[in-house]
Amino acid sequence: MSPASVFVCLSLTLLSDYPVIRVKPDHSGVVTDGVKHSMNPFCEIAVEEAVKLKEKKFIKEVVAVSCGPTQVTETIRTALAMGCDRGIHVEVSGKDYEAMGPLQIAKIFAALAKKEEASLVILGKQAIDDDCNQTGQMTAALLDWPQGTFASEVTIDGEKVKVVREIDGGLETIKISMPAVLTADLRLNTPRYATLPNIMKAKKKKIANMKPADLGVDMVSRVEVLRVDEPPTRLAGVKVETVDDLVAKLKANGTI
Amino acid sequence: MWIKVHLPHSKWRQNLTIPDQLYAGACVINVCPPLPCQFGKDSTEAWVTDLQHCKLQLLIMALRSAVCRLLVNPQRCAIISASRSQGSAAPAQKDAEKASEKKAKAPKVQFNWRDGLELEGQLTEDEIMIRDSFRDYCQDKLMPRILMANRNEVFHRDIVSEMGELGVLGPTIKGYGCAGTSYVAYGLIAREVERVDSGYRSVMSVQSSLVMHPIYAYGTEEQKEKWLPRLARGEILGCFGLTEPNHGSDLSGMETRAKFNPSSRTFTLTGSKTWITNSPVADIAVVWAKCDDGKVSGFILERGMKGFTTPKIEGKFSLRASATGMIIMDEVEVPEENLLPKVSGMGGPFGCMNNARYGIAWGSLGAAEFCFHAARQYTLDRIQFGVPLARNQLMQKKMADMLTEITIGLQACLQLGRLIDAKKAAPEMISMLKRNSCVKSLDIARQARDMLGGNGISDEYHVIRHVMNLETVNTYEGTHDIHALILGRAITGLQSFTVNT
């Protein structure tokens, strides 16, 4: 039995183009107004993998999902232009959006995956603005599904998925049963350019709208951001004449 | 001035800028993600050439904390290190005050020199997506090839197939495997490709406007089914045979003849065409010839037909990345099925050319934009007499002129595109904008070349290639002067093409 639908969960990230990323004067976060946003690069890779699986006829339908304000529909539209069949936009805006973190997102994706009976949930391994690397894993845990994270190769083998994972020591190959959660790493594939005909077709594809409340998810964050600061200024280096001087300085420093 | 920046994610490239007041001395070290790099696809380090082009936090920090005055030695390629010195607290204070003040007032509209009149807001979501997707392709896949392709005069046939895959060939055609987008989208596509090279855009224009368009507009259903899908995919490449060695601007005087043979129901074509983009490697040619009734008709010639040869034109110093040649027809037997029946007379070729000219109006501005941005970048980087070249009034005036012409030109092209989409455009409008865009772009490219000084003649900086190419772009599809006559006739009602009447 071939898997029915695959959910690709997308994140809209801060991608600074030419404006500079600034910390807000009140140190509560980073200024996002007027900063260009686009689809998270790892999510692009996730979309590409899902579309590839559909082209190889392993799956029937690819659904692109994202949580956030209206801007997020552009991201879903891009995913549709790359080959996804339909989209779901979970509206989260204002204060909820600012406080939204991996746990809330994972709860939403988990609820959706269950509701729509997805066989595979594919995400990017992490968002490049917060670098959390948690959403995929949390989603899997909430669903109690197996997970194949940091995937650099995905093969569907009947009811199981073979995943080659990039780990610190090298590559690890695992076999997990579906339904499962996968997160895409850099070398999984090279995302395609959206072709003109597909961009035109994407206009007609549906993007459903819903709110977290519809899925029974409470958006309250248990994490409170206390303060955001820029990295500290790098101090000047000190030049020394001889190796002895260097050792003396390091000792004086307390480093050795 | 080189600045070393560490990046964790080296895949994504962007331009970086810093606030102006930091230009005179600033540095960035070990910046945290995300920080896209501009060079070195797989390296984790990027060398940023320009002080103006350093990013974020640490620079702001330098202002804010104001304890470091960062020393910069313009002579050396080096990692700049910050040193504690007597920075003043005042700048940091002022910046913080300004920031909070800004929050209270209404947001000030920031002028964007990259998009002087907010063209972005006038495009539909589709058009933006199409342009962005295609721009990525052009910068990623075409830009790396162009240097050598131009230097060694090599035509990469692959790009036609690649563009076909993306669906950008014949984009305005509805059906037959084509995308069916708006003319504005076509213009945006042309602009992105010409930003890389006019030769590549010529290849795209010929295929879309001069080969696919006549078959679509003037061909039979069988001809459309037979040729269009393969042309759209880039499987086959076409060329357009109109200009002759003795008849360039004077097209109606063409000498190529098509004699009809009633017994075999074929036409015999004899004559020669020159300056034909793609011809040496084309699979088909849409050739215009005078029939027995003295009227011009279009024929599809196929590679392999006896008497049909396409010698390459050597010694070309323009559009070197595109193959140009002649079409020699020595009694070529063309079956009746290859005649384009739905048009007779000069209206046929002119209809095609108007289509192509529209693409050129947008396209040449893409080349101009590249030259403008390159000149800006160069003059910001290059220090002479202790200051960047961009500090000089003569340089700024030139850039102001470039910005103005490009911005205004694009607005005009957008309006023209919308009119064409609404079927409310007259050919003179297209003549007007083709003429304007080309002459202004050529001037911008020349100015940019001048601003780059000696480096401006090196193809590594690309500007000289655009100067070289735009000479042709200004000339083909109707010279500057011919379009002036077209407009003059529309203005006065008096034709000034010929001396006789």
# chains A, B, ... in the order shown; residues from 1 in each chain; ligands from 1
$ residues_around --residues "Met100 in chain A" --least-positions-apart "3" --cutoff "9 Å" --atoms "only C-alpha atoms" --output "list of chain:residue names"
A:Gly68, A:Val92, A:Lys95, A:Asp96, A:Tyr97, A:Leu103, A:Gln104, A:Ile105, A:Met219, A:Val220, A:Ser221
$ closest_atom_pairs --of "chain A" --to "chain B" --cutoff "7 Å" --atoms "only C-alpha atoms" --output "CSV"
residue,atom,partner,partner_atom,distance
A:Asp17,CA,B:Gln14,CA,6.0
A:Tyr18,CA,B:Leu16,CA,5.2
A:Pro19,CA,B:Thr17,CA,6.9
A:Val20,CA,B:Leu56,CA,4.9
A:Ile21,CA,B:Leu56,CA,5.6
A:Arg22,CA,B:Gln57,CA,6.5
A:Ile128,CA,B:Pro34,CA,6.2
A:Asp129,CA,B:Pro34,CA,6.5
A:Tyr193,CA,B:Ser133,CA,5.8
A:Ala194,CA,B:Ser133,CA,5.9
A:Thr195,CA,B:Leu166,CA,4.3
A:Leu196,CA,B:Gly167,CA,5.2
A:Pro197,CA,B:Ala179,CA,4.5
A:Ile199,CA,B:Asp126,CA,6.7
A:Met200,CA,B:Asp126,CA,6.9
A:Glu230,CA,B:Gln57,CA,5.9
A:Thr233,CA,B:Leu58,CA,6.6
A:Arg234,CA,B:Ala82,CA,6.7
A:Leu235,CA,B:Ala82,CA,6.1
A:Ala236,CA,B:Ser83,CA,4.8
$ write_last_selection --atoms "N, CA, C and O atoms" --output "PDB file, in the first residue's frame"
ATOM      1  N   ASP A  17      18.424  40.732   3.324  1.00  0.00           N
ATOM      2  CA  ASP A  17      18.929  40.978   1.982  1.00  0.00           C
ATOM      3  C   ASP A  17      19.961  42.084   2.052  1.00  0.00           C
ATOM      4  O   ASP A  17      21.141  41.842   2.139  1.00  0.00           O
ATOM      5  N   TYR A  18      19.521  43.295   2.016  1.00  0.00           N
ATOM      6  CA  TYR A  18      20.500  44.346   2.262  1.00  0.00           C
ATOM      7  C   TYR A  18      20.301  45.116   3.561  1.00  0.00           C
ATOM      8  O   TYR A  18      21.218  45.735   4.036  1.00  0.00           O
ATOM      9  N   PRO A  19      19.130  45.076   4.144  1.00  0.00           N
ATOM     10  CA  PRO A  19      19.057  45.780   5.415  1.00  0.00           C
ATOM     11  C   PRO A  19      19.840  45.006   6.466  1.00  0.00           C
ATOM     12  O   PRO A  19      20.096  43.830   6.327  1.00  0.00           O
ATOM     13  N   VAL A  20      20.214  45.720   7.471  1.00  0.00           N
ATOM     14  CA  VAL A  20      21.018  45.110   8.515  1.00  0.00           C
ATOM     15  C   VAL A  20      20.099  44.567   9.604  1.00  0.00           C
ATOM     16  O   VAL A  20      19.099  45.181   9.918  1.00  0.00           O
ATOM     17  N   ILE A  21      20.431  43.430  10.154  1.00  0.00           N
ATOM     18  CA  ILE A  21      19.630  42.897  11.261  1.00  0.00           C
ATOM     19  C   ILE A  21      20.017  43.641  12.519  1.00  0.00           C
ATOM     20  O   ILE A  21      21.178  43.674  12.897  1.00  0.00           O
ATOM     21  N   ARG A  22      19.022  44.228  13.166  1.00  0.00           N
ATOM     22  CA  ARG A  22      19.316  44.993  14.378  1.00  0.00           C
ATOM     23  C   ARG A  22      18.608  44.380  15.561  1.00  0.00           C
ATOM     24  O   ARG A  22      17.508  43.873  15.431  1.00  0.00           O
ATOM     25  N   ILE A 128      16.967  28.871   9.722  1.00  0.00           N
ATOM     26  CA  ILE A 128      18.253  29.570   9.790  1.00  0.00           C
ATOM     27  C   ILE A 128      18.212  30.862  10.581  1.00  0.00           C
ATOM     28  O   ILE A 128      19.226  31.521  10.751  1.00  0.00           O
ATOM     29  N   ASP A 129      17.023  31.248  11.082  1.00  0.00           N
ATOM     30  CA  ASP A 129      17.053  32.437  11.933  1.00  0.00           C
ATOM     31  C   ASP A 129      17.204  32.090  13.405  1.00  0.00           C
ATOM     32  O   ASP A 129      17.905  32.797  14.120  1.00  0.00           O
ATOM     33  N   TYR A 193      14.332  24.912  -9.526  1.00  0.00           N
ATOM     34  CA  TYR A 193      13.762  26.247  -9.764  1.00  0.00           C
ATOM     35  C   TYR A 193      12.300  26.042 -10.121  1.00  0.00           C
ATOM     36  O   TYR A 193      11.971  25.140 -10.876  1.00  0.00           O
ATOM     37  N   ALA A 194      11.443  26.873  -9.606  1.00  0.00           N
ATOM     38  CA  ALA A 194      10.033  26.752  -9.963  1.00  0.00           C
ATOM     39  C   ALA A 194       9.891  27.136 -11.432  1.00  0.00           C
ATOM     40  O   ALA A 194      10.323  28.210 -11.834  1.00  0.00           O
ATOM     41  N   THR A 195       9.311  26.246 -12.245  1.00  0.00           N
ATOM     42  CA  THR A 195       9.173  26.554 -13.663  1.00  0.00           C
ATOM     43  C   THR A 195       7.960  27.439 -13.881  1.00  0.00           C
ATOM     44  O   THR A 195       7.042  27.463 -13.066  1.00  0.00           O
ATOM     45  N   LEU A 196       7.970  28.134 -15.024  1.00  0.00           N
ATOM     46  CA  LEU A 196       6.865  29.059 -15.304  1.00  0.00           C
ATOM     47  C   LEU A 196       5.511  28.373 -15.307  1.00  0.00           C
ATOM     48  O   LEU A 196       4.571  28.856 -14.670  1.00  0.00           O
ATOM     49  N   PRO A 197       5.378  27.268 -16.047  1.00  0.00           N
ATOM     50  CA  PRO A 197       4.050  26.634 -16.050  1.00  0.00           C
ATOM     51  C   PRO A 197       3.585  26.260 -14.644  1.00  0.00           C
ATOM     52  O   PRO A 197       2.418  26.426 -14.318  1.00  0.00           O
ATOM     53  N   ILE A 199       4.444  27.753 -11.816  1.00  0.00           N
ATOM     54  CA  ILE A 199       4.074  28.959 -11.093  1.00  0.00           C
ATOM     55  C   ILE A 199       2.663  29.374 -11.483  1.00  0.00           C
ATOM     56  O   ILE A 199       1.855  29.763 -10.635  1.00  0.00           O
ATOM     57  N   MET A 200       2.368  29.258 -12.786  1.00  0.00           N
ATOM     58  CA  MET A 200       1.016  29.615 -13.237  1.00  0.00           C
ATOM     59  C   MET A 200      -0.006  28.657 -12.644  1.00  0.00           C
ATOM     60  O   MET A 200      -1.077  29.072 -12.212  1.00  0.00           O
ATOM     61  N   GLU A 230      23.572  41.606  21.013  1.00  0.00           N
ATOM     62  CA  GLU A 230      24.488  41.242  19.943  1.00  0.00           C
ATOM     63  C   GLU A 230      25.692  40.544  20.551  1.00  0.00           C
ATOM     64  O   GLU A 230      25.956  40.695  21.739  1.00  0.00           O
ATOM     65  N   THR A 233      31.861  42.580  21.384  1.00  0.00           N
ATOM     66  CA  THR A 233      32.925  43.037  20.474  1.00  0.00           C
ATOM     67  C   THR A 233      34.139  42.186  20.704  1.00  0.00           C
ATOM     68  O   THR A 233      34.485  41.865  21.823  1.00  0.00           O
ATOM     69  N   ARG A 234      34.789  41.902  19.632  1.00  0.00           N
ATOM     70  CA  ARG A 234      36.014  41.123  19.763  1.00  0.00           C
ATOM     71  C   ARG A 234      37.119  42.057  20.233  1.00  0.00           C
ATOM     72  O   ARG A 234      37.281  43.160  19.723  1.00  0.00           O
ATOM     73  N   LEU A 235      37.841  41.577  21.182  1.00  0.00           N
ATOM     74  CA  LEU A 235      38.910  42.423  21.712  1.00  0.00           C
ATOM     75  C   LEU A 235      40.144  42.320  20.838  1.00  0.00           C
ATOM     76  O   LEU A 235      40.315  41.360  20.090  1.00  0.00           O
ATOM     77  N   ALA A 236      40.988  43.309  20.985  1.00  0.00           N
ATOM     78  CA  ALA A 236      42.209  43.318  20.184  1.00  0.00           C
ATOM     79  C   ALA A 236      43.092  42.147  20.585  1.00  0.00           C
ATOM     80  O   ALA A 236      43.082  41.698  21.718  1.00  0.00           O
TER      81      ALA A 236
END
$ select_by_dssp --residues "range 117-322 of chain B" --states "strand (DSSP E or B)" --output "VMD selection string"
chain B and resid 174 to 175 178 to 179 238 to 241 244 247 257 to 261 266 to 277 284 to 290 296 to 302 308 to 309 312
$ residues_around --residues "Ile76 in chain A" --least-positions-apart "3" --cutoff "9 Å" --atoms "only C-alpha atoms" --output "ChimeraX atom specification"
/A:10,39,64-66,72-73,79-81,84,86-89,207
$ closest_residue --among "B:Cys352, B:Ile284, B:Ala321, B:Leu380" --to "Ile146 in chain B" --atoms "only C-alpha atoms"
B:Ala321
$ residues_around --residues "range 159-163 of chain A" --least-positions-apart "4" --cutoff "9 Å" --atoms "only C-alpha atoms" --output "ChimeraX atom specification"
/A:1-3,148-149,151-155,172-180,182
$ write_last_selection --atoms "N, CA, C and O atoms" --output "compact mmCIF listing (two decimals), in the first residue's frame"
# COMPACT_ATOMS: atom_id res chain seq x y z
N MET A 1 0.85 -1.19 0.00
CA MET A 1 0.00 0.00 0.00
C MET A 1 0.88 1.24 0.00
O MET A 1 1.69 1.42 0.90
N SER A 2 0.75 2.03 -1.03
CA SER A 2 1.64 3.20 -1.09
C SER A 2 1.09 4.30 -0.20
O SER A 2 -0.12 4.47 -0.07
N PRO A 3 1.99 5.03 0.40
CA PRO A 3 1.56 6.08 1.33
C PRO A 3 0.70 7.12 0.62
O PRO A 3 0.94 7.46 -0.52
N GLY A 148 13.54 10.26 11.34
CA GLY A 148 14.83 10.15 10.63
C GLY A 148 15.31 11.57 10.41
O GLY A 148 14.90 12.24 9.47
N THR A 149 16.18 12.04 11.28
CA THR A 149 16.59 13.44 11.22
C THR A 149 17.94 13.58 10.50
O THR A 149 18.69 12.62 10.37
N ALA A 151 18.53 13.94 7.43
CA ALA A 151 18.55 12.99 6.32
C ALA A 151 19.37 13.52 5.14
O ALA A 151 19.18 14.64 4.70
N SER A 152 20.30 12.68 4.67
CA SER A 152 20.99 13.07 3.44
C SER A 152 20.61 12.13 2.30
O SER A 152 21.03 12.32 1.17
N GLU A 153 19.80 11.12 2.63
CA GLU A 153 19.28 10.25 1.58
C GLU A 153 18.03 9.55 2.11
O GLU A 153 18.04 9.04 3.23
N VAL A 154 16.98 9.55 1.32
CA VAL A 154 15.73 8.92 1.75
C VAL A 154 15.27 7.95 0.68
O VAL A 154 15.16 8.31 -0.48
N THR A 155 15.01 6.71 1.09
CA THR A 155 14.47 5.73 0.12
C THR A 155 13.27 5.05 0.76
O THR A 155 13.32 4.65 1.91
N GLU A 172 24.94 7.50 9.19
CA GLU A 172 24.24 6.39 9.86
C GLU A 172 23.03 6.03 9.03
O GLU A 172 22.25 6.91 8.66
N THR A 173 22.85 4.76 8.73
CA THR A 173 21.68 4.33 7.96
C THR A 173 20.71 3.64 8.88
O THR A 173 21.07 2.72 9.61
N ILE A 174 19.45 4.11 8.86
CA ILE A 174 18.43 3.48 9.70
C ILE A 174 17.22 3.14 8.85
O ILE A 174 17.01 3.71 7.78
N LYS A 175 16.43 2.18 9.36
CA LYS A 175 15.17 1.85 8.68
C LYS A 175 14.06 2.07 9.68
O LYS A 175 14.08 1.50 10.78
N ILE A 176 13.10 2.92 9.27
CA ILE A 176 12.01 3.20 10.20
C ILE A 176 10.68 2.93 9.50
O ILE A 176 10.57 3.00 8.29
N SER A 177 9.66 2.56 10.33
CA SER A 177 8.35 2.29 9.73
C SER A 177 7.58 3.57 9.56
O SER A 177 7.75 4.53 10.31
N MET A 178 6.69 3.54 8.56
CA MET A 178 5.81 4.69 8.39
C MET A 178 4.56 4.46 9.20
O MET A 178 4.20 3.32 9.45
N PRO A 179 3.85 5.49 9.63
CA PRO A 179 4.15 6.91 9.41
C PRO A 179 5.37 7.37 10.21
O PRO A 179 5.63 6.88 11.30
N ALA A 180 6.10 8.34 9.62
CA ALA A 180 7.35 8.79 10.24
C ALA A 180 7.56 10.27 9.99
O ALA A 180 6.90 10.87 9.14
N LEU A 182 10.60 13.04 9.02
CA LEU A 182 11.96 13.18 8.50
C LEU A 182 12.36 14.64 8.54
O LEU A 182 11.52 15.51 8.31
$ closest_residue --among "A:Ala50, A:Val6, A:Ile59, A:Met82" --to "Ala202 in chain A" --atoms "only C-alpha atoms"
A:Met82
$ closest_residue --among "B:Ser161, B:Ser202, B:Asn152, B:Gln377" --to "Tyr476 in chain B" --atoms "only C-alpha atoms"
B:Ser202
$ closest_residue --among "A:Gly136, A:Pro146, A:Gly94, A:Pro191" --to "Thr70 in chain A" --atoms "only C-alpha atoms"
A:Gly94
$ residues_around --residues "Val287 in chain B" --least-positions-apart "3" --cutoff "8 Å" --atoms "only C-alpha atoms" --output "compact mmCIF listing (two decimals) with N, CA and C atoms, in the first residue's frame"
# COMPACT_ATOMS: atom_id res chain seq x y z
N PHE B 240 15.57 32.96 -37.46
CA PHE B 240 14.63 33.81 -38.18
C PHE B 240 15.37 34.48 -39.33
N GLY B 241 15.01 34.14 -40.56
CA GLY B 241 15.73 34.67 -41.72
C GLY B 241 14.99 35.80 -42.40
N LEU B 242 15.39 37.03 -42.13
CA LEU B 242 14.74 38.17 -42.77
C LEU B 242 15.76 39.10 -43.43
N GLY B 298 6.18 33.61 -45.32
CA GLY B 298 7.09 32.93 -44.40
C GLY B 298 7.11 31.43 -44.65
N PHE B 299 8.30 30.83 -44.59
CA PHE B 299 8.46 29.39 -44.83
C PHE B 299 9.27 28.78 -43.71
N ILE B 300 8.95 27.53 -43.37
CA ILE B 300 9.75 26.82 -42.38
C ILE B 300 10.72 25.91 -43.13
N LEU B 301 12.01 26.21 -42.99
CA LEU B 301 13.02 25.35 -43.61
C LEU B 301 13.59 24.44 -42.54
$ residues_around --residues "Ile122 in chain A" --least-positions-apart "4" --cutoff "7 Å" --atoms "only C-alpha atoms" --output "list in words"
Phe7, Val8, Cys9, Ala46, Val181, Leu182 and Thr183 of chain A
$ select_by_dssp --residues "range 138-235 of chain A" --states "alpha helix (DSSP H)" --output "number ranges by chain"
A: 138-143, 196-202
$ write_last_selection --atoms "N, CA, C and O atoms" --output "PDB file, in the first residue's frame"
ATOM      1  N   MET A 138      10.363  17.242  17.993  1.00  0.00           N
ATOM      2  CA  MET A 138       9.201  17.380  18.880  1.00  0.00           C
ATOM      3  C   MET A 138       7.944  16.822  18.224  1.00  0.00           C
ATOM      4  O   MET A 138       7.128  16.169  18.877  1.00  0.00           O
ATOM      5  N   THR A 139       7.805  17.117  16.925  1.00  0.00           N
ATOM      6  CA  THR A 139       6.626  16.612  16.206  1.00  0.00           C
ATOM      7  C   THR A 139       6.575  15.093  16.283  1.00  0.00           C
ATOM      8  O   THR A 139       5.520  14.507  16.555  1.00  0.00           O
ATOM      9  N   ALA A 140       7.712  14.483  16.063  1.00  0.00           N
ATOM     10  CA  ALA A 140       7.760  13.011  16.102  1.00  0.00           C
ATOM     11  C   ALA A 140       7.380  12.507  17.481  1.00  0.00           C
ATOM     12  O   ALA A 140       6.612  11.549  17.627  1.00  0.00           O
ATOM     13  N   ALA A 141       7.899  13.176  18.490  1.00  0.00           N
ATOM     14  CA  ALA A 141       7.615  12.728  19.867  1.00  0.00           C
ATOM     15  C   ALA A 141       6.135  12.872  20.188  1.00  0.00           C
ATOM     16  O   ALA A 141       5.519  11.975  20.765  1.00  0.00           O
ATOM     17  N   LEU A 142       5.534  14.011  19.783  1.00  0.00           N
ATOM     18  CA  LEU A 142       4.116  14.233  20.074  1.00  0.00           C
ATOM     19  C   LEU A 142       3.246  13.201  19.377  1.00  0.00           C
ATOM     20  O   LEU A 142       2.207  12.800  19.892  1.00  0.00           O
ATOM     21  N   LEU A 143       3.673  12.799  18.170  1.00  0.00           N
ATOM     22  CA  LEU A 143       2.893  11.818  17.423  1.00  0.00           C
ATOM     23  C   LEU A 143       3.255  10.397  17.807  1.00  0.00           C
ATOM     24  O   LEU A 143       2.557   9.452  17.439  1.00  0.00           O
ATOM     25  N   LEU A 196       7.970  28.134 -15.024  1.00  0.00           N
ATOM     26  CA  LEU A 196       6.865  29.059 -15.304  1.00  0.00           C
ATOM     27  C   LEU A 196       5.511  28.373 -15.307  1.00  0.00           C
ATOM     28  O   LEU A 196       4.571  28.856 -14.670  1.00  0.00           O
ATOM     29  N   PRO A 197       5.378  27.268 -16.047  1.00  0.00           N
ATOM     30  CA  PRO A 197       4.050  26.634 -16.050  1.00  0.00           C
ATOM     31  C   PRO A 197       3.585  26.260 -14.644  1.00  0.00           C
ATOM     32  O   PRO A 197       2.418  26.426 -14.318  1.00  0.00           O
ATOM     33  N   ASN A 198       4.519  25.792 -13.810  1.00  0.00           N
ATOM     34  CA  ASN A 198       4.134  25.421 -12.447  1.00  0.00           C
ATOM     35  C   ASN A 198       3.759  26.625 -11.603  1.00  0.00           C
ATOM     36  O   ASN A 198       2.870  26.542 -10.755  1.00  0.00           O
ATOM     37  N   ILE A 199       4.444  27.753 -11.816  1.00  0.00           N
ATOM     38  CA  ILE A 199       4.074  28.959 -11.093  1.00  0.00           C
ATOM     39  C   ILE A 199       2.663  29.374 -11.483  1.00  0.00           C
ATOM     40  O   ILE A 199       1.855  29.763 -10.635  1.00  0.00           O
ATOM     41  N   MET A 200       2.368  29.258 -12.786  1.00  0.00           N
ATOM     42  CA  MET A 200       1.016  29.615 -13.237  1.00  0.00           C
ATOM     43  C   MET A 200      -0.006  28.657 -12.644  1.00  0.00           C
ATOM     44  O   MET A 200      -1.077  29.072 -12.212  1.00  0.00           O
ATOM     45  N   LYS A 201       0.335  27.357 -12.599  1.00  0.00           N
ATOM     46  CA  LYS A 201      -0.617  26.368 -12.073  1.00  0.00           C
ATOM     47  C   LYS A 201      -0.828  26.570 -10.587  1.00  0.00           C
ATOM     48  O   LYS A 201      -1.905  26.298 -10.059  1.00  0.00           O
ATOM     49  N   ALA A 202       0.209  27.042  -9.906  1.00  0.00           N
ATOM     50  CA  ALA A 202       0.125  27.181  -8.451  1.00  0.00           C
ATOM     51  C   ALA A 202      -0.994  28.117  -8.040  1.00  0.00           C
ATOM     52  O   ALA A 202      -1.566  28.003  -6.963  1.00  0.00           O
TER      53      ALA A 202
END
$ residues_around --residues "Leu389 in chain B" --least-positions-apart "3" --cutoff "7 Å" --atoms "only C-alpha atoms" --output "PyMOL selection string"
chain B and resi 379-380+382-384+392
$ closest_atom_pairs --of "range 159-198 of chain B" --to "range 406-419 of chain B" --cutoff "9 Å" --atoms "only C-alpha atoms" --output "CSV"
residue,atom,partner,partner_atom,distance
B:Ser182,CA,B:Gly417,CA,8.0
B:Tyr183,CA,B:Gly417,CA,5.4
B:Val184,CA,B:Gly417,CA,4.8
B:Ala185,CA,B:Gly417,CA,8.5
B:Tyr186,CA,B:Gly417,CA,8.8
B:Gly187,CA,B:Gly417,CA,7.5
$ atom_distance --atom1 "CA of Gly199 in chain B" --atom2 "CA of Val211 in chain B"
16.6 Å
